[in-house]
file protein_8.cif (mmCIF, C-alpha atoms and all ligand atoms)
data_structure
loop_
_atom_site.label_atom_id
_atom_site.label_comp_id
_atom_site.auth_asym_id
_atom_site.auth_seq_id
_atom_site.Cartn_x
_atom_site.Cartn_y
_atom_site.Cartn_z
CA MET A 1 0.00 0.00 0.00
CA LEU A 2 1.73 3.21 -1.15
CA PRO A 3 1.70 6.28 1.16
CA SER A 4 -1.00 8.78 0.14
CA ARG A 5 1.50 11.38 -1.01
CA PHE A 6 3.67 8.76 -2.80
CA VAL A 7 5.41 10.50 -5.70
CA LYS A 8 7.44 8.48 -8.29
CA THR A 9 9.32 11.06 -10.30
CA THR A 10 12.58 11.74 -12.13
CA GLU A 11 12.97 15.25 -10.81
CA ILE A 12 12.73 17.03 -7.47
CA SER A 13 9.19 17.87 -6.32
CA GLN A 14 8.20 21.24 -4.85
CA GLU A 15 7.39 19.39 -1.64
CA LEU A 16 10.91 17.99 -1.37
CA ARG A 17 12.45 21.39 -2.26
CA ARG A 18 10.51 23.01 0.55
CA ARG A 19 11.40 20.31 3.06
CA PHE A 20 15.07 20.40 1.96
CA ALA A 21 15.15 24.16 2.44
CA GLU A 22 13.49 23.97 5.90
CA ALA A 23 15.01 20.75 7.27
CA ARG A 24 16.80 20.95 10.64
CA ASN A 25 17.75 17.30 11.11
CA VAL A 26 18.65 15.14 8.09
CA LEU A 27 19.74 11.52 7.88
CA VAL A 28 21.16 9.87 4.76
CA LEU A 29 21.46 6.09 4.39
CA THR A 30 23.60 4.90 1.46
CA GLY A 31 24.33 1.58 -0.20
CA ALA A 32 26.46 0.31 -3.07
CA GLY A 33 24.46 2.33 -5.60
CA VAL A 34 25.96 5.62 -4.39
CA SER A 35 29.37 4.32 -5.48
CA ALA A 36 28.18 2.78 -8.77
CA GLU A 37 29.01 5.93 -10.79
CA SER A 38 32.54 5.77 -9.35
CA GLY A 39 32.89 2.35 -10.96
CA VAL A 40 32.41 0.25 -7.80
CA PRO A 41 30.44 -2.90 -8.73
CA THR A 42 27.15 -3.19 -6.81
CA PHE A 43 26.04 -6.48 -5.25
CA ARG A 44 22.78 -6.50 -7.11
CA GLY A 45 20.17 -7.39 -4.53
CA GLY A 46 21.89 -8.24 -1.25
CA GLY A 47 23.30 -11.73 -0.68
CA THR A 48 22.05 -14.03 -3.34
CA SER A 49 23.83 -13.05 -6.57
CA ALA A 50 27.10 -14.90 -7.26
CA VAL A 51 30.00 -12.51 -6.91
CA TRP A 52 33.33 -14.25 -6.31
CA LYS A 53 34.63 -17.38 -7.98
CA GLY A 54 31.06 -18.63 -8.26
CA MET A 55 30.53 -18.15 -4.53
CA PRO A 56 27.40 -16.22 -3.52
CA PHE A 57 28.15 -12.92 -1.80
CA ASP A 58 26.74 -13.95 1.56
CA VAL A 59 29.00 -17.04 1.51
CA ILE A 60 32.37 -15.43 0.77
CA SER A 61 31.48 -12.44 2.99
CA SER A 62 30.40 -14.56 5.95
CA ALA A 63 31.67 -15.18 9.50
CA ASP A 64 31.64 -18.88 8.64
CA MET A 65 34.12 -18.36 5.74
CA VAL A 66 36.54 -16.55 8.08
CA GLN A 67 36.55 -19.67 10.24
CA ARG A 68 36.85 -22.07 7.31
CA ASN A 69 39.14 -20.22 4.88
CA LEU A 70 40.50 -16.83 5.94
CA PRO A 71 42.96 -16.65 2.98
CA ALA A 72 39.99 -16.90 0.56
CA VAL A 73 38.27 -14.04 2.39
CA TRP A 74 41.43 -11.95 2.15
CA GLU A 75 41.75 -12.74 -1.56
CA TRP A 76 38.20 -11.37 -2.09
CA PHE A 77 38.85 -8.15 -0.09
CA ASP A 78 42.32 -7.68 -1.57
CA TYR A 79 40.70 -7.84 -5.02
CA ARG A 80 38.08 -5.24 -4.04
CA ARG A 81 40.71 -2.94 -2.50
CA GLY A 82 42.66 -3.28 -5.75
CA VAL A 83 39.60 -2.16 -7.71
CA LEU A 84 39.09 0.79 -5.37
CA GLU A 85 42.70 1.97 -5.61
CA SER A 86 42.02 3.84 -8.88
CA LEU A 87 38.46 4.96 -8.20
CA LYS A 88 37.30 8.37 -6.99
CA PRO A 89 34.23 9.72 -5.23
CA ASN A 90 31.47 10.89 -7.61
CA PRO A 91 29.14 13.96 -7.49
CA ALA A 92 26.77 12.08 -5.15
CA HIS A 93 29.52 11.61 -2.54
CA HIS A 94 30.58 15.27 -2.91
CA GLU A 95 27.02 16.58 -2.62
CA ILE A 96 26.35 14.54 0.52
CA ALA A 97 29.66 15.80 2.00
CA ARG A 98 28.43 19.39 1.53
CA TRP A 99 25.18 18.66 3.37
CA ALA A 100 27.07 18.19 6.65
CA ASN A 101 27.61 21.99 6.76
CA ARG A 102 24.14 22.78 5.51
CA PHE A 103 21.85 21.30 8.16
CA PRO A 104 22.01 22.02 11.91
CA ASP A 105 21.91 18.26 12.49
CA PHE A 106 23.17 15.85 9.81
CA THR A 107 23.91 12.12 9.95
CA LEU A 108 25.45 9.98 7.21
CA VAL A 109 25.01 6.24 7.63
CA THR A 110 26.55 3.92 5.05
CA GLN A 111 26.54 0.21 4.36
CA ASN A 112 29.54 0.72 2.09
CA VAL A 113 33.01 -0.36 3.16
CA ASP A 114 34.74 1.53 0.29
CA GLY A 115 35.61 4.74 2.18
CA LEU A 116 34.51 6.97 -0.74
CA HIS A 117 32.29 9.16 1.46
CA GLN A 118 35.30 10.02 3.61
CA ARG A 119 37.43 10.65 0.50
CA ALA A 120 34.78 13.16 -0.61
CA GLY A 121 35.18 14.99 2.70
CA SER A 122 32.41 13.45 4.82
CA ARG A 123 33.31 13.24 8.51
CA ASP A 124 31.83 11.14 11.35
CA VAL A 125 30.40 8.66 8.84
CA ILE A 126 28.58 5.81 10.63
CA GLU A 127 30.09 2.78 8.82
CA LEU A 128 27.52 0.14 9.73
CA HIS A 129 29.46 -2.64 8.00
CA GLY A 130 33.03 -1.56 8.72
CA SER A 131 35.77 -0.56 6.27
CA ILE A 132 37.81 -2.38 3.63
CA TRP A 133 40.74 -0.05 4.60
CA ARG A 134 41.12 -1.63 8.05
CA ALA A 135 42.16 -5.02 9.39
CA ARG A 136 41.57 -6.32 12.89
CA CYS A 137 43.28 -8.99 14.95
CA VAL A 138 41.23 -12.15 15.50
CA LYS A 139 42.76 -12.44 19.02
CA CYS A 140 43.49 -9.00 20.55
CA ASP A 141 40.89 -7.15 18.39
CA SER A 142 43.36 -4.32 17.65
CA ARG A 143 42.65 -2.33 14.48
CA HIS A 144 45.23 -1.77 11.74
CA GLN A 145 44.80 0.82 8.97
CA ILE A 146 45.54 -0.46 5.43
CA GLU A 147 47.01 2.48 3.52
CA ARG A 148 46.14 2.96 -0.15
CA GLY A 149 48.72 1.37 -2.46
CA SER A 150 50.37 -0.44 0.48
CA VAL A 151 50.73 -4.17 1.02
CA ARG A 152 48.69 -5.08 4.06
CA GLU A 153 50.28 -6.66 7.17
CA ASP A 154 49.46 -10.35 7.44
CA ALA A 155 50.00 -10.63 11.18
CA CYS A 156 48.97 -8.50 14.13
CA LEU A 157 51.73 -6.04 15.09
CA GLU A 158 50.49 -6.17 18.73
CA CYS A 159 50.21 -9.92 19.41
CA GLY A 160 51.34 -11.58 16.18
CA ASP A 161 48.05 -13.46 15.68
CA ARG A 162 46.13 -13.46 12.38
CA LEU A 163 44.39 -10.42 10.95
CA ARG A 164 40.99 -10.39 9.27
CA PRO A 165 39.18 -7.63 7.30
CA ASP A 166 37.55 -5.15 9.72
CA VAL A 167 34.18 -5.46 8.04
CA VAL A 168 30.88 -6.89 9.32
CA LEU A 169 30.29 -10.21 7.63
CA PHE A 170 26.95 -11.96 7.28
CA GLY A 171 25.96 -13.50 10.60
CA GLU A 172 28.08 -11.04 12.53
CA MET A 173 26.95 -8.25 14.83
CA LEU A 174 27.43 -4.67 13.73
CA PRO A 175 30.16 -2.56 15.42
CA PRO A 176 29.13 -1.83 19.02
CA GLY A 177 26.88 1.23 19.18
CA ALA A 178 26.90 1.90 15.41
CA PHE A 179 23.33 0.74 14.79
CA GLU A 180 22.07 2.18 18.06
CA GLN A 181 23.52 5.60 17.21
CA ALA A 182 22.09 5.45 13.68
CA ALA A 183 18.68 4.34 14.99
CA LEU A 184 18.62 7.21 17.48
CA LYS A 185 19.40 9.75 14.72
CA ALA A 186 16.80 8.12 12.46
CA SER A 187 14.20 8.55 15.20
CA GLN A 188 15.00 12.28 15.44
CA CYS A 189 15.35 13.29 11.76
CA ASP A 190 12.70 15.24 9.84
CA LEU A 191 14.07 14.34 6.39
CA CYS A 192 15.58 10.95 5.49
CA PHE A 193 17.26 10.12 2.17
CA VAL A 194 17.72 6.47 1.13
CA VAL A 195 20.30 6.45 -1.64
CA GLY A 196 21.46 3.51 -3.75
CA THR A 197 20.43 0.56 -1.63
CA SER A 198 18.29 -2.47 -2.47
CA ALA A 199 17.34 -2.43 1.23
CA LEU A 200 17.56 -6.21 1.58
CA VAL A 201 20.21 -6.42 4.31
CA TYR A 202 19.20 -5.99 7.95
CA PRO A 203 19.38 -4.33 10.35
CA ALA A 204 20.51 -1.45 8.02
CA ALA A 205 17.28 -1.58 5.98
CA GLY A 206 15.32 -1.05 9.19
CA LEU A 207 16.58 2.52 9.68
CA PRO A 208 14.17 4.29 7.24
CA GLU A 209 11.33 2.38 8.90
CA ILE A 210 12.34 3.93 12.24
CA ALA A 211 12.46 7.41 10.65
CA LYS A 212 9.07 6.89 9.01
CA LYS A 213 7.46 5.80 12.27
CA ARG A 214 8.67 9.11 13.80
CA GLY A 215 7.08 11.16 11.01
CA ALA A 216 10.12 11.93 8.87
CA TYR A 217 9.69 12.58 5.14
CA ILE A 218 11.37 9.67 3.35
CA CYS A 219 12.92 10.20 -0.08
CA GLU A 220 14.47 7.31 -2.02
CA VAL A 221 16.95 7.91 -4.85
CA ASN A 222 17.42 4.80 -6.97
CA PRO A 223 16.99 3.94 -10.66
CA GLU A 224 14.89 0.97 -9.52
CA MET A 225 12.10 0.36 -7.01
CA THR A 226 13.27 -1.42 -3.88
CA GLY A 227 11.90 -3.21 -0.87
CA LEU A 228 11.57 0.21 0.79
CA SER A 229 9.86 2.18 -1.98
CA HIS A 230 6.40 1.47 -0.56
CA LEU A 231 7.43 3.23 2.62
CA CYS A 232 8.72 6.39 0.92
CA ASP A 233 6.93 9.70 0.48
CA GLU A 234 8.93 10.31 -2.65
CA VAL A 235 10.89 7.98 -4.93
CA ILE A 236 13.19 9.70 -7.40
CA SER A 237 14.10 7.14 -10.05
CA GLY A 238 17.50 8.15 -11.25
CA LYS A 239 21.21 7.99 -10.58
CA ALA A 240 22.42 9.50 -7.30
CA GLY A 241 25.29 11.38 -8.98
CA GLU A 242 22.81 13.10 -11.32
CA ILE A 243 19.94 13.65 -8.89
CA LEU A 244 21.50 14.72 -5.58
CA PRO A 245 23.36 17.80 -6.92
CA LEU A 246 19.99 19.09 -8.22
CA LEU A 247 18.83 19.56 -4.64
CA SER A 248 21.14 22.35 -3.58
CA GLU A 249 21.07 23.92 -7.05
CA THR A 250 17.92 25.96 -6.70
CA THR A 251 17.33 26.28 -3.01
CA GLY A 252 20.37 28.62 -2.71
CA ARG A 253 21.61 28.72 0.94
CA GLU A 254 24.98 27.25 -0.09
C1 LIG B 1 23.23 -9.33 11.83
C2 LIG B 1 30.20 -5.90 4.43
C3 LIG B 1 22.85 -9.96 14.10
C4 LIG B 1 30.96 -7.02 3.84
C5 LIG B 1 27.82 -6.49 4.33
C6 LIG B 1 16.27 -9.99 9.22
C7 LIG B 1 15.64 -10.52 8.14
C8 LIG B 1 16.38 -11.33 7.25
C9 LIG B 1 17.74 -11.60 7.42
C10 LIG B 1 18.34 -11.06 8.50
C11 LIG B 1 17.62 -10.28 9.40
N1 LIG B 1 18.47 -9.90 10.36
C12 LIG B 1 19.71 -10.42 10.10
C13 LIG B 1 19.65 -11.13 8.96
C14 LIG B 1 20.74 -11.81 8.32
C15 LIG B 1 21.57 -10.87 7.42
C16 LIG B 1 20.73 -10.32 6.28
O1 LIG B 1 20.25 -9.21 6.31
N2 LIG B 1 20.64 -11.13 5.23
C17 LIG B 1 19.95 -10.66 4.01
C18 LIG B 1 20.76 -11.12 2.83
C19 LIG B 1 18.57 -11.14 3.97
N3 LIG B 1 22.10 -9.76 8.20
C20 LIG B 1 23.27 -9.98 8.85
O2 LIG B 1 23.87 -11.03 8.88
C21 LIG B 1 23.81 -8.77 9.59
N4 LIG B 1 24.18 -9.11 10.93
O3 LIG B 1 22.05 -9.30 11.58
O4 LIG B 1 23.76 -9.56 13.10
C22 LIG B 1 22.85 -11.38 13.97
C23 LIG B 1 24.03 -12.05 14.22
C24 LIG B 1 23.97 -13.43 14.20
C25 LIG B 1 22.79 -14.09 13.76
C26 LIG B 1 21.63 -13.35 13.46
C27 LIG B 1 21.66 -11.98 13.59
C28 LIG B 1 25.12 -8.27 8.95
C29 LIG B 1 24.87 -7.82 7.57
C30 LIG B 1 26.12 -7.12 7.02
C31 LIG B 1 26.84 -7.99 6.01
N5 LIG B 1 27.94 -7.25 5.39
N6 LIG B 1 28.86 -5.78 3.83
C32 LIG B 1 31.26 -6.82 2.37
O5 LIG B 1 31.05 -5.72 1.86
O6 LIG B 1 31.74 -7.79 1.77
S1 LIG B 1 26.26 -6.37 3.58
C33 LIG B 1 26.57 -5.66 2.01
O7 LIG B 1 25.47 -6.11 1.21
C34 LIG B 1 26.55 -4.17 1.91
O8 LIG B 1 27.18 -3.57 3.00
C35 LIG B 1 25.04 -3.89 1.86
O9 LIG B 1 24.49 -3.88 3.13
C36 LIG B 1 24.52 -5.09 1.11
C37 LIG B 1 24.38 -4.82 -0.37
O10 LIG B 1 23.22 -4.04 -0.47
P1 LIG B 1 23.29 -2.62 -1.22
O11 LIG B 1 24.41 -1.80 -0.66
O12 LIG B 1 21.94 -2.09 -1.19
O13 LIG B 1 23.76 -3.01 -2.71
P2 LIG B 1 22.91 -3.78 -3.84
O14 LIG B 1 23.87 -4.12 -4.89
O15 LIG B 1 22.07 -4.85 -3.21
O16 LIG B 1 21.88 -2.67 -4.39
C38 LIG B 1 22.39 -1.53 -5.03
C39 LIG B 1 21.19 -0.63 -5.26
O17 LIG B 1 21.67 0.58 -5.85
C40 LIG B 1 20.16 -1.23 -6.22
O18 LIG B 1 18.87 -1.01 -5.69
C41 LIG B 1 20.37 -0.43 -7.52
O19 LIG B 1 19.17 -0.25 -8.22
C42 LIG B 1 20.88 0.89 -6.97
N7 LIG B 1 21.73 1.68 -7.88
C43 LIG B 1 22.54 1.23 -8.85
N8 LIG B 1 23.17 2.29 -9.46
C44 LIG B 1 22.75 3.41 -8.81
C45 LIG B 1 21.84 3.02 -7.79
N9 LIG B 1 21.24 3.90 -6.97
C46 LIG B 1 21.54 5.23 -7.16
N10 LIG B 1 22.43 5.68 -8.10
C47 LIG B 1 23.03 4.80 -8.94
N11 LIG B 1 23.88 5.27 -9.88
#
call {"tool": "encode", "arguments": {"input": "protein_8.cif", "output": "structure tokens", "more": "lines below"}}
Ligand code: BV8
result
Amino acid sequence: MLPSRFVKTTEISQELRRRFAEARNVLVLTGAGVSAESGVPTFRGGGTSAVWKGMPFDVISSADMVQRNLPAVWEWFDYRRGVLESLKPNPAHHEIARWANRFPDFTLVTQNVDGLHQRAGSRDVIELHGSIWRARCVKCDSRHQIERGSVREDACLECGDRLRPDVVLFGEMLPPGAFEQAALKASQCDLCFVVGTSALVYPAAGLPEIAKKRGAYICEVNPEMTGLSHLCDEVISGKAGEILPLLSETTGRE
């Protein structure tokens, strides 16, 4: 059942312009689609689609695989870091980075582990699923930054035990407090953007539901309808890098 004011459009409605101009507290949730125009492959619909050597995404990116075959997990993340080495943030990342100085209260929550929001200048990004640019020790839990273009350590510098990617794998809990902080901000926002996610992976996909329940205006930006579209007040079917910059174009107040 679509919300009464449901608008499926390819451009920005007057309603959204007004709310964007007046918003005090904005939350943005992003997924792989926000990085698609940078050349980062999306996962196409959460866990099911085969992604790596014939292995479904939620198999290679699972807690179970870390137990069974950590080198295979590293091979998969090393490959993805290799792809990211030459990629840059796109206009969607840059626009979202500007919003942090535009609204009195702004929260960026991402499911992406690619670090492109931070490279575009976003700060205090809530990385619900961790980062591909960090490793963590399976024993002492210490974190180790993986610098761009560098060869990653293969043993913990603190205790010498094995390192694993510091990302949240399927079947694993999110970083302590990350979801709670995001859920709190979602419950307080008056405008929530859902950008480039198929909204199939939980608990991340539950955040717009929290915002909706608290009366926020929900706007989805995605070339396709998703599992969340029914919940949205406005669905803008288009590419994030083309749509998001349109928002601050007219409403001035740079
Ligand atoms: C957990 C890091 C507690 C690793 C990732 C409730 C119901 C059902 C299942 C569950 C549930 N609760 C928990 C589960 C299990 C599971 C889950 O959700 N499974 C799914 C598959 C059903 N969740 C978990 O395991 C989570 N942990 O719940 O812990 C717990 C613990 C033990 C036991 C039980 C519970 C942890 C999930 C995190 C997994 N890690 N990433 C890595 O990257 O390898 S998830 C990963 O996949 C991403 O981070 C992201 O979350 C997801 C991919 O989704 P999207 O980002 O949306 O990408 P996708 O390709 O699907 O879609 C792209 C979209 O962009 C499309 O819609 C497309 O149209 C659009 N698009 C394309 N181009 C553009 C665009 N949009 C705009 N502009 C464009 N240019």
call {"tool": "residues_near_ligand", "arguments": {"input": "protein_8.cif", "ligand": "ligand LIG 1 (chain B)", "cutoff": "7 Å", "atoms": "only C-alpha atoms and all ligand atoms", "output": "ChimeraX atom specification"}}
result
/A:31-34,36-37,42-48,58,61,111-113,129-130,167-174,195-204,221-224,226,238-241
call {"tool": "atom_distance", "arguments": {"input": "protein_8.cif", "atom1": "CA of Ser187 (chain A)", "atom2": "CA of Glu127 (chain A)"}}
result
18.1 Å
call {"tool": "closest_residue", "arguments": {"input": "protein_8.cif", "among": "A:Phe103, A:Leu228, A:Cys159, A:Ser237", "to": "Arg19 (chain A)", "atoms": "all atoms listed in the file"}}
result
A:Phe103
call {"tool": "residues_around", "arguments": {"input": "protein_8.cif", "residues": "region 74-76 of chain A", "least_positions_apart": "2", "cutoff": "12 Å", "atoms": "all atoms listed in the file", "output": "PyMOL selection string"}}
result
chain A and resi 51-57+59-62+65-66+69-72+78-83+132+134-135+152-154+162-167
call {"tool": "residues_around", "arguments": {"input": "protein_8.cif", "residues": "Ala186 (chain A)", "least_positions_apart": "5", "cutoff": "10 Å", "atoms": "all atoms listed in the file", "output": "ChimeraX atom specification"}}
result
/A:25-29,107,109,180-181,191-192,206-214,216
call {"tool": "closest_residue", "arguments": {"input": "protein_8.cif", "among": "A:Arg119, A:Arg143, A:Arg68, A:Arg24", "to": "His93 (chain A)", "atoms": "all atoms listed in the file"}}
result
A:Arg119
call {"tool": "axis_aligned_box", "arguments": {"input": "protein_8.cif", "around": "region 8-21 of chain A", "padding_each_side": "5 Å", "output": "AutoDock Vina command-line options"}}
result
--center_x 11.3 --center_y 16.3 --center_z -4.5 --size_x 17.8 --size_y 25.7 --size_z 25.2
call {"tool": "atom_distance", "arguments": {"input": "protein_8.cif", "atom1": "CA of Phe20 (chain A)", "atom2": "CA of Leu247 (chain A)"}}
result
7.6 Å
call {"tool": "residues_around", "arguments": {"input": "protein_8.cif", "residues": "Cys219 (chain A)", "least_positions_apart": "2", "cutoff": "8 Å", "atoms": "only C-alpha atoms", "output": "PyMOL selection string"}}
result
chain A and resi 191-194+217+221+232-236
call {"tool": "atom_distance", "arguments": {"input": "protein_8.cif", "atom1": "CA of Ser142 (chain A)", "atom2": "CA of Asp124 (chain A)"}}
result
20.3 Å
call {"tool": "closest_residue", "arguments": {"input": "protein_8.cif", "among": "A:Phe179, A:Gly115, A:Thr30, A:Ile146", "to": "Ile96 (chain A)", "atoms": "only C-alpha atoms"}}
result
A:Thr30
call {"tool": "closest_residue", "arguments": {"input": "protein_8.cif", "among": "A:Gly149, A:Gly160, A:Pro245, A:Gly39", "to": "His94 (chain A)", "atoms": "all atoms listed in the file"}}
result
A:Pro245
call {"tool": "closest_residue", "arguments": {"input": "protein_8.cif", "among": "A:Gln188, A:Thr110, A:Asn90, A:Gln67", "to": "Glu242 (chain A)", "atoms": "only C-alpha atoms"}}
result
A:Asn90
call {"tool": "residues_around", "arguments": {"input": "protein_8.cif", "residues": "Leu246 (chain A)", "least_positions_apart": "5", "cutoff": "10 Å", "atoms": "only C-alpha atoms", "output": "PDB file with C-alpha atoms, in the frame of the given file"}}
result
ATOM      1  CA  GLU A  11      12.970  15.250 -10.810  1.00  0.00           C
ATOM      2  CA  ILE A  12      12.730  17.030  -7.470  1.00  0.00           C
ATOM      3  CA  ARG A  17      12.450  21.390  -2.260  1.00  0.00           C
ATOM      4  CA  GLU A  95      27.020  16.580  -2.620  1.00  0.00           C
ATOM      5  CA  ALA A 240      22.420   9.500  -7.300  1.00  0.00           C
ATOM      6  CA  GLY A 241      25.290  11.380  -8.980  1.00  0.00           C
ATOM      7  CA  THR A 251      17.330  26.280  -3.010  1.00  0.00           C
TER       8      THR A 251
END
call {"tool": "closest_residue", "arguments": {"input": "protein_8.cif", "among": "A:Arg148, A:Ser122, A:Pro104, A:Val138", "to": "Ser86 (chain A)", "atoms": "all atoms listed in the file"}}
result
A:Arg148
